[in-house]
file start-v3.cif (mmCIF, C-alpha atoms)
data_structure
loop_
_atom_site.label_atom_id
_atom_site.label_comp_id
_atom_site.auth_asym_id
_atom_site.auth_seq_id
_atom_site.Cartn_x
_atom_site.Cartn_y
_atom_site.Cartn_z
CA MET A 1 115.69 113.20 108.15
CA THR A 2 118.46 112.39 105.72
CA MET A 3 117.99 109.99 102.85
CA SER A 4 120.55 108.51 100.50
CA ILE A 5 119.93 106.27 97.54
CA GLU A 6 122.47 104.00 95.88
CA SER A 7 121.28 102.33 92.74
CA GLN A 8 122.92 99.48 90.85
CA GLY A 9 121.09 98.23 87.79
CA ASN A 10 117.51 97.39 88.76
CA LEU A 11 118.25 97.58 92.51
CA ALA A 12 118.11 100.67 94.71
CA VAL A 13 119.23 100.76 98.35
CA VAL A 14 117.51 103.58 100.25
CA VAL A 15 119.10 104.58 103.57
CA LEU A 16 116.76 106.54 105.87
CA THR A 17 118.01 108.36 108.97
CA GLY A 18 116.09 110.35 111.59
CA ARG A 19 112.33 110.96 111.40
CA LEU A 20 109.85 109.96 108.72
CA ASP A 21 106.55 111.74 109.44
CA SER A 22 103.88 113.94 107.87
CA THR A 23 106.38 116.73 107.19
CA ASN A 24 108.58 114.71 104.83
CA ALA A 25 106.51 111.68 103.78
CA ALA A 26 105.40 113.11 100.43
CA ASP A 27 108.93 114.09 99.43
CA THR A 28 110.39 110.73 100.50
CA GLU A 29 107.70 108.86 98.59
CA ALA A 30 108.31 110.93 95.44
CA GLN A 31 112.05 110.23 95.54
CA ILE A 32 111.63 106.47 95.96
CA LEU A 33 108.94 106.29 93.26
CA ALA A 34 111.30 108.17 90.93
CA GLN A 35 113.83 105.34 91.39
CA ILE A 36 111.23 102.79 90.40
CA GLU A 37 110.25 104.83 87.34
CA ALA A 38 113.93 105.12 86.44
CA GLY A 39 114.18 101.32 86.22
CA SER A 40 114.93 100.12 89.75
CA PRO A 41 111.86 98.16 90.90
CA ARG A 42 113.93 96.22 93.47
CA ILE A 43 114.02 98.42 96.59
CA VAL A 44 115.91 97.72 99.81
CA VAL A 45 115.30 100.16 102.68
CA ASP A 46 117.98 100.38 105.36
CA ALA A 47 116.03 101.61 108.40
CA SER A 48 118.85 101.17 110.96
CA GLY A 49 119.05 104.94 111.49
CA LEU A 50 115.31 105.61 111.35
CA ASP A 51 114.25 106.37 114.91
CA TYR A 52 110.75 107.77 114.32
CA LEU A 53 107.97 106.64 112.01
CA SER A 54 104.36 107.87 112.05
CA SER A 55 101.40 106.53 110.08
CA ALA A 56 102.20 109.08 107.35
CA GLY A 57 105.63 107.47 107.01
CA LEU A 58 104.23 103.97 107.09
CA ARG A 59 101.96 104.93 104.21
CA VAL A 60 105.08 105.66 102.11
CA PHE A 61 106.17 102.02 102.41
CA LEU A 62 102.69 100.80 101.49
CA VAL A 63 102.59 102.99 98.38
CA VAL A 64 106.09 101.85 97.39
CA ALA A 65 105.20 98.18 97.99
CA LYS A 66 102.16 98.47 95.73
CA ARG A 67 104.18 100.23 93.03
CA VAL A 68 107.09 97.75 92.98
CA LYS A 69 104.61 94.89 92.83
CA ALA A 70 102.98 96.47 89.78
CA SER A 71 106.45 96.91 88.22
CA GLY A 72 107.50 93.30 88.77
CA GLY A 73 109.89 94.16 91.60
CA ALA A 74 109.90 93.86 95.37
CA LEU A 75 110.48 95.88 98.55
CA ALA A 76 112.37 94.72 101.63
CA LEU A 77 113.16 96.70 104.78
CA HIS A 78 115.90 95.78 107.20
CA SER A 79 117.42 96.64 110.59
CA LEU A 80 114.32 98.25 112.13
CA THR A 81 114.85 100.17 115.37
CA ALA A 82 112.61 99.35 118.37
CA HIS A 83 110.30 102.35 117.82
CA VAL A 84 109.83 101.59 114.14
CA ARG A 85 109.32 97.89 114.74
CA GLU A 86 106.57 98.68 117.24
CA VAL A 87 104.73 100.78 114.61
CA PHE A 88 105.03 97.89 112.14
CA GLU A 89 103.64 95.48 114.73
CA ILE A 90 100.71 97.65 115.86
CA SER A 91 99.61 98.23 112.27
CA GLY A 92 100.09 94.61 111.24
CA PHE A 93 102.44 95.79 108.48
CA VAL A 94 105.02 93.37 109.81
CA ASN A 95 102.88 90.68 108.14
CA VAL A 96 102.31 92.61 104.93
CA LEU A 97 105.75 93.98 104.12
CA THR A 98 109.03 92.11 103.94
CA VAL A 99 111.02 92.89 107.08
CA CYS A 100 114.53 91.45 107.37
CA ALA A 101 117.21 91.29 110.03
CA ASP A 102 120.00 92.76 107.93
CA ARG A 103 120.99 93.93 104.49
CA ASP A 104 122.29 90.57 103.30
CA GLU A 105 118.92 88.96 103.98
CA ALA A 106 117.05 91.89 102.42
CA LEU A 107 119.10 91.60 99.23
CA THR A 108 118.00 87.98 98.84
CA ARG A 109 114.31 88.96 99.20
CA VAL A 110 114.00 91.53 96.40
CA MET B 1 104.15 116.87 143.09
CA THR B 2 102.79 117.97 139.73
CA ALA B 3 104.76 119.63 136.95
CA THR B 4 103.20 121.36 133.93
CA GLN B 5 104.41 123.09 130.80
CA THR B 6 102.40 124.89 128.12
CA LEU B 7 103.40 125.29 124.46
CA ARG B 8 101.67 127.28 121.75
CA LEU B 9 102.04 125.85 118.25
CA THR B 10 101.10 127.40 114.93
CA ASN B 11 98.99 125.19 112.68
CA GLU B 12 101.91 123.94 110.59
CA LEU B 13 103.09 120.34 110.41
CA SER B 14 106.69 121.35 111.19
CA GLU B 15 105.54 122.33 114.70
CA ILE B 16 105.18 118.62 115.52
CA ARG B 17 108.98 118.38 115.66
CA ARG B 18 109.26 121.34 118.00
CA LEU B 19 106.65 119.68 120.20
CA ALA B 20 108.53 116.36 120.09
CA LEU B 21 111.72 117.99 121.35
CA ALA B 22 109.84 119.79 124.13
CA VAL B 23 108.14 116.56 125.21
CA GLU B 24 111.46 114.70 125.25
CA ARG B 25 113.05 117.38 127.42
CA PHE B 26 110.04 117.56 129.75
CA ALA B 27 110.04 113.77 130.11
CA GLU B 28 113.75 113.66 130.85
CA ARG B 29 113.49 116.39 133.45
CA HIS B 30 110.56 114.73 135.22
CA GLY B 31 111.64 111.10 135.13
CA VAL B 32 109.26 109.87 132.43
CA PRO B 33 110.66 106.82 130.58
CA GLU B 34 111.76 107.47 127.00
CA LYS B 35 109.34 104.88 125.63
CA ALA B 36 106.32 106.52 127.27
CA ALA B 37 107.41 109.92 125.93
CA HIS B 38 107.72 108.41 122.46
CA HIS B 39 104.21 106.97 122.67
CA LEU B 40 102.79 110.35 123.70
CA ASN B 41 104.71 112.05 120.91
CA LEU B 42 103.56 109.61 118.26
CA ALA B 43 99.92 109.88 119.40
CA ALA B 44 100.14 113.70 119.47
CA ASP B 45 101.73 113.72 116.00
CA GLU B 46 98.87 111.65 114.57
CA LEU B 47 96.15 113.75 116.22
CA ILE B 48 97.72 117.13 115.36
CA THR B 49 98.48 116.01 111.78
CA ASN B 50 94.80 115.07 111.43
CA ALA B 51 93.64 118.34 112.96
CA ILE B 52 95.79 120.37 110.57
CA ALA B 53 95.14 118.26 107.47
CA TYR B 54 91.38 117.97 107.84
CA GLY B 55 90.59 121.52 108.87
CA GLY B 56 89.95 121.05 112.55
CA ALA B 57 92.72 123.54 113.30
CA SER B 58 91.89 126.58 111.22
CA ASN B 59 94.23 129.29 110.01
CA GLY B 60 95.39 131.89 112.45
CA HIS B 61 94.57 129.86 115.54
CA ARG B 62 97.20 128.45 117.81
CA ILE B 63 97.22 124.89 119.01
CA VAL B 64 97.81 124.98 122.74
CA VAL B 65 99.50 121.95 124.24
CA THR B 66 99.78 121.44 127.98
CA LEU B 67 102.10 118.77 129.35
CA ARG B 68 101.48 117.50 132.84
CA ARG B 69 103.39 115.05 135.00
CA ASP B 70 101.52 113.55 137.95
CA PRO B 71 102.99 110.85 140.22
CA ASP B 72 101.39 107.99 138.27
CA ARG B 73 100.93 109.43 134.78
CA MET B 74 101.89 111.91 132.12
CA THR B 75 99.09 113.70 130.26
CA MET B 76 99.01 116.02 127.31
CA GLU B 77 96.07 118.27 126.51
CA ILE B 78 95.80 119.49 122.92
CA ALA B 79 93.35 122.39 122.48
CA HIS B 80 92.50 124.17 119.26
CA ARG B 81 89.66 126.29 117.95
CA GLY B 82 88.10 125.52 114.63
CA ILE B 83 85.34 123.20 113.52
CA ALA B 84 84.21 120.62 116.05
CA PHE B 85 86.00 117.37 115.36
CA ASP B 86 86.06 114.32 117.60
CA PRO B 87 88.73 111.88 116.42
CA THR B 88 87.88 109.39 119.18
CA GLU B 89 84.72 108.51 117.25
CA GLU B 90 86.80 106.98 114.48
CA VAL B 91 86.96 103.31 115.31
CA ALA B 92 88.36 101.66 112.19
CA GLU B 93 90.88 99.05 113.20
CA PRO B 94 93.27 97.66 110.64
CA ASP B 95 92.72 94.04 109.68
CA PRO B 96 96.06 92.45 110.58
CA THR B 97 95.50 89.66 108.09
CA ALA B 98 94.73 91.91 105.08
CA GLY B 99 97.21 91.60 102.22
CA ILE B 100 98.99 94.43 100.45
CA ASP B 101 96.24 95.03 97.92
CA ASP B 102 93.51 95.27 100.55
CA ARG B 103 95.27 97.83 102.71
CA PRO B 104 93.72 101.29 102.59
CA ILE B 105 96.17 104.17 102.21
CA GLY B 106 95.47 105.99 105.45
CA GLY B 107 93.20 105.85 108.46
CA LEU B 108 95.78 104.43 110.86
CA GLY B 109 96.65 107.54 112.84
CA VAL B 110 93.84 107.55 115.37
CA TYR B 111 94.17 103.80 115.79
CA PHE B 112 97.85 104.30 116.69
CA ALA B 113 96.93 106.98 119.22
CA LYS B 114 94.32 104.76 120.89
CA THR B 115 96.64 101.76 120.94
CA LEU B 116 99.66 103.58 122.36
CA LEU B 117 97.84 105.53 125.06
CA ASP B 118 96.07 104.46 128.23
CA GLY B 119 93.38 107.07 127.65
CA LEU B 120 92.18 109.40 124.92
CA SER B 121 89.24 111.69 125.58
CA TYR B 122 87.61 114.53 123.70
CA VAL B 123 85.47 117.43 124.81
CA ARG B 124 84.23 120.51 122.96
CA ARG B 125 84.36 123.39 125.43
CA GLY B 126 84.53 127.16 125.05
CA GLY B 127 84.57 126.92 121.26
CA ALA B 128 87.64 124.68 121.29
CA ASN B 129 88.36 121.02 120.67
CA ARG B 130 90.16 119.60 123.68
CA LEU B 131 91.88 116.25 123.52
CA THR B 132 93.44 114.67 126.59
CA LEU B 133 96.09 112.02 126.06
CA THR B 134 97.00 109.90 129.08
CA LYS B 135 99.98 107.62 129.56
CA LYS B 136 100.23 105.73 132.85
CA LEU B 137 103.71 105.38 134.32
#
call {"tool": "encode", "arguments": {"input": "start-v3.cif", "output": "structure tokens"}}
result
Amino acid sequence: MTMSIESQGNLAVVVLTGRLDSTNAADTEAQILAQIEAGSPRIVVDASGLDYLSSAGLRVFLVVAKRVKASGGALALHSLTAHVREVFEISGFVNVLTVCADRDEALTRV
Amino acid sequence: MTATQTLRLTNELSEIRRLALAVERFAERHGVPEKAAHHLNLAADELITNAIAYGGASNGHRIVVTLRRDPDRMTMEIAHRGIAFDPTEEVAEPDPTAGIDDRPIGGLGVYFAKTLLDGLSYVRRGGANRLTLTKKL
């Protein structure tokens, strides 16, 4: 998986590409939490290139959502692929996390 | 006409990716739809991650995975030695209405496997845990 983070003020846009699973979940979580600690509690995740997500990866978003909430921020994900959307639906996370159609919408939700 | 393929994995998480590639290639070669292959891969990932993380697959033992394509289904058997562990007994289903604060961190993997597959069975035989994952086609 590749991950890039662009931060502007209190907003960070995280672009995830490839697979998010038990092999890289801990590292991904640590990098996103570091952004929040560094003063960016508004997190937008661009998942358009994320083609595989396991429960270990889903857990990353739950941890991040709890942390941004505690920091007075918000998390929004956008452009989910079919595989990733299915995982969100099975787990019910689609009702718990903010899932948007595109980046413009996600930016208005954080 | 039945096709089979056997893979031997070490008990490291990175092996899940090697398995995923092998499953994708096997599925392509034997006319298994991409979505079904993805479901098998995701279920196998969850079950193998559990086996490695919670000690079911002990050090030095291989995890032997056998892929099988029958006319109406694709199955995957995952066999590993180590302590007896039956993941099918875990029945916790997530509460789809629970809010962010009430969501436990974890416990979803086996639920995913059960939801995505048409069958998941466990047997302890010959000192090994044997899981059979079935996807109807």
call {"tool": "residues_around", "arguments": {"input": "start-v3.cif", "residues": "range 38-49 of chain A", "least_positions_apart": "6", "cutoff": "7 Å", "atoms": "all atoms listed in the file", "output": "mmCIF file with C-alpha atoms, in the frame of the given file"}}
result
data_model
loop_
_atom_site.group_PDB
_atom_site.id
_atom_site.type_symbol
_atom_site.label_atom_id
_atom_site.label_comp_id
_atom_site.auth_asym_id
_atom_site.auth_seq_id
_atom_site.Cartn_x
_atom_site.Cartn_y
_atom_site.Cartn_z
ATOM 1 C CA GLY A 9 121.090 98.230 87.790
ATOM 2 C CA ASN A 10 117.510 97.390 88.760
ATOM 3 C CA LEU A 11 118.250 97.580 92.510
ATOM 4 C CA ALA A 12 118.110 100.670 94.710
ATOM 5 C CA VAL A 13 119.230 100.760 98.350
ATOM 6 C CA VAL A 14 117.510 103.580 100.250
ATOM 7 C CA VAL A 15 119.100 104.580 103.570
ATOM 8 C CA LEU A 16 116.760 106.540 105.870
ATOM 9 C CA THR A 17 118.010 108.360 108.970
ATOM 10 C CA GLY A 18 116.090 110.350 111.590
ATOM 11 C CA VAL A 68 107.090 97.750 92.980
ATOM 12 C CA SER A 71 106.450 96.910 88.220
ATOM 13 C CA GLY A 72 107.500 93.300 88.770
ATOM 14 C CA GLY A 73 109.890 94.160 91.600
ATOM 15 C CA ALA A 74 109.900 93.860 95.370
ATOM 16 C CA LEU A 75 110.480 95.880 98.550
ATOM 17 C CA ALA A 76 112.370 94.720 101.630
ATOM 18 C CA LEU A 77 113.160 96.700 104.780
ATOM 19 C CA HIS A 78 115.900 95.780 107.200
ATOM 20 C CA SER A 79 117.420 96.640 110.590
ATOM 21 C CA LEU A 80 114.320 98.250 112.130
ATOM 22 C CA THR A 81 114.850 100.170 115.370
ATOM 23 C CA ALA A 106 117.050 91.890 102.420
ATOM 24 C CA LEU A 107 119.100 91.600 99.230
ATOM 25 C CA VAL A 110 114.000 91.530 96.400
#
call {"tool": "resolve_selection", "arguments": {"input": "start-v3.cif", "expression": "the PyMOL selection byres ((chain B) within 6 of (chain A))", "output": "list in words"}}
result
Leu13, Pro96, Gly99, Ile100 and Gly109 of chain B
call {"tool": "atom_distance", "arguments": {"input": "start-v3.cif", "atom1": "CA of His80 in chain B", "atom2": "CA of Asn50 in chain B"}}
result
12.2 Å
call {"tool": "resolve_selection", "arguments": {"input": "start-v3.cif", "expression": "the PyMOL selection byres ((chain B and resi 32) around 10)", "output": "mmCIF file with C-alpha atoms, keeping the file's coordinate frame"}}
result
data_model
loop_
_atom_site.group_PDB
_atom_site.id
_atom_site.type_symbol
_atom_site.label_atom_id
_atom_site.label_comp_id
_atom_site.auth_asym_id
_atom_site.auth_seq_id
_atom_site.Cartn_x
_atom_site.Cartn_y
_atom_site.Cartn_z
ATOM 1 C CA VAL B 23 108.140 116.560 125.210
ATOM 2 C CA GLU B 24 111.460 114.700 125.250
ATOM 3 C CA ARG B 25 113.050 117.380 127.420
ATOM 4 C CA PHE B 26 110.040 117.560 129.750
ATOM 5 C CA ALA B 27 110.040 113.770 130.110
ATOM 6 C CA GLU B 28 113.750 113.660 130.850
ATOM 7 C CA ARG B 29 113.490 116.390 133.450
ATOM 8 C CA HIS B 30 110.560 114.730 135.220
ATOM 9 C CA GLY B 31 111.640 111.100 135.130
ATOM 10 C CA PRO B 33 110.660 106.820 130.580
ATOM 11 C CA GLU B 34 111.760 107.470 127.000
ATOM 12 C CA LYS B 35 109.340 104.880 125.630
ATOM 13 C CA ALA B 36 106.320 106.520 127.270
ATOM 14 C CA ALA B 37 107.410 109.920 125.930
ATOM 15 C CA ARG B 69 103.390 115.050 135.000
ATOM 16 C CA ASP B 72 101.390 107.990 138.270
ATOM 17 C CA ARG B 73 100.930 109.430 134.780
ATOM 18 C CA MET B 74 101.890 111.910 132.120
ATOM 19 C CA LYS B 135 99.980 107.620 129.560
ATOM 20 C CA LYS B 136 100.230 105.730 132.850
ATOM 21 C CA LEU B 137 103.710 105.380 134.320
#
call {"tool": "resolve_selection", "arguments": {"input": "start-v3.cif", "expression": "the PyMOL selection byres ((chain B and resi 8) around 8)", "output": "PyMOL selection string"}}
result
chain B and resi 6-7+9-10+62-65
call {"tool": "residues_around", "arguments": {"input": "start-v3.cif", "residues": "Thr66 in chain B", "least_positions_apart": "3", "cutoff": "6 Å", "atoms": "only C-alpha atoms", "output": "PyMOL selection string"}}
result
chain B and resi 5-6+76-77
call {"tool": "atom_distance", "arguments": {"input": "start-v3.cif", "atom1": "CA of Leu108 in chain B", "atom2": "CA of Ala128 in chain B"}}
result
24.2 Å
call {"tool": "closest_residue", "arguments": {"input": "start-v3.cif", "among": "A:Phe61, A:Arg103, A:Ala70, A:Thr108", "to": "Glu37 in chain A", "atoms": "all atoms listed in the file"}}
result
A:Ala70
call {"tool": "atom_distance", "arguments": {"input": "start-v3.cif", "atom1": "CA of Val99 in chain A", "atom2": "CA of Met1 in chain A"}}
result
20.9 Å
call {"tool": "axis_aligned_box", "arguments": {"input": "start-v3.cif", "around": "range 80-93 of chain A", "padding_each_side": "8 Å", "output": "JSON"}}
result
{"center_x": 107.2, "center_y": 98.5, "center_z": 113.4, "size_x": 31.2, "size_y": 23.7, "size_z": 25.9}
call {"tool": "closest_residue", "arguments": {"input": "start-v3.cif", "among": "A:Ala101, A:Val84, A:Met3, A:Val64", "to": "Ala34 in chain A", "atoms": "only C-alpha atoms"}}
result
A:Val64
call {"tool": "residues_around", "arguments": {"input": "start-v3.cif", "residues": "Asn41 in chain B", "least_positions_apart": "3", "cutoff": "8 Å", "atoms": "only C-alpha atoms", "output": "compact mmCIF listing (two decimals) with C-alpha atoms, in the coordinates of the input"}}
result
# COMPACT_ATOMS: atom_id res chain seq x y z
CA LEU B 19 106.65 119.68 120.20
CA ALA B 20 108.53 116.36 120.09
CA VAL B 23 108.14 116.56 125.21
CA ALA B 37 107.41 109.92 125.93
CA HIS B 38 107.72 108.41 122.46
CA ALA B 44 100.14 113.70 119.47
CA ASP B 45 101.73 113.72 116.00
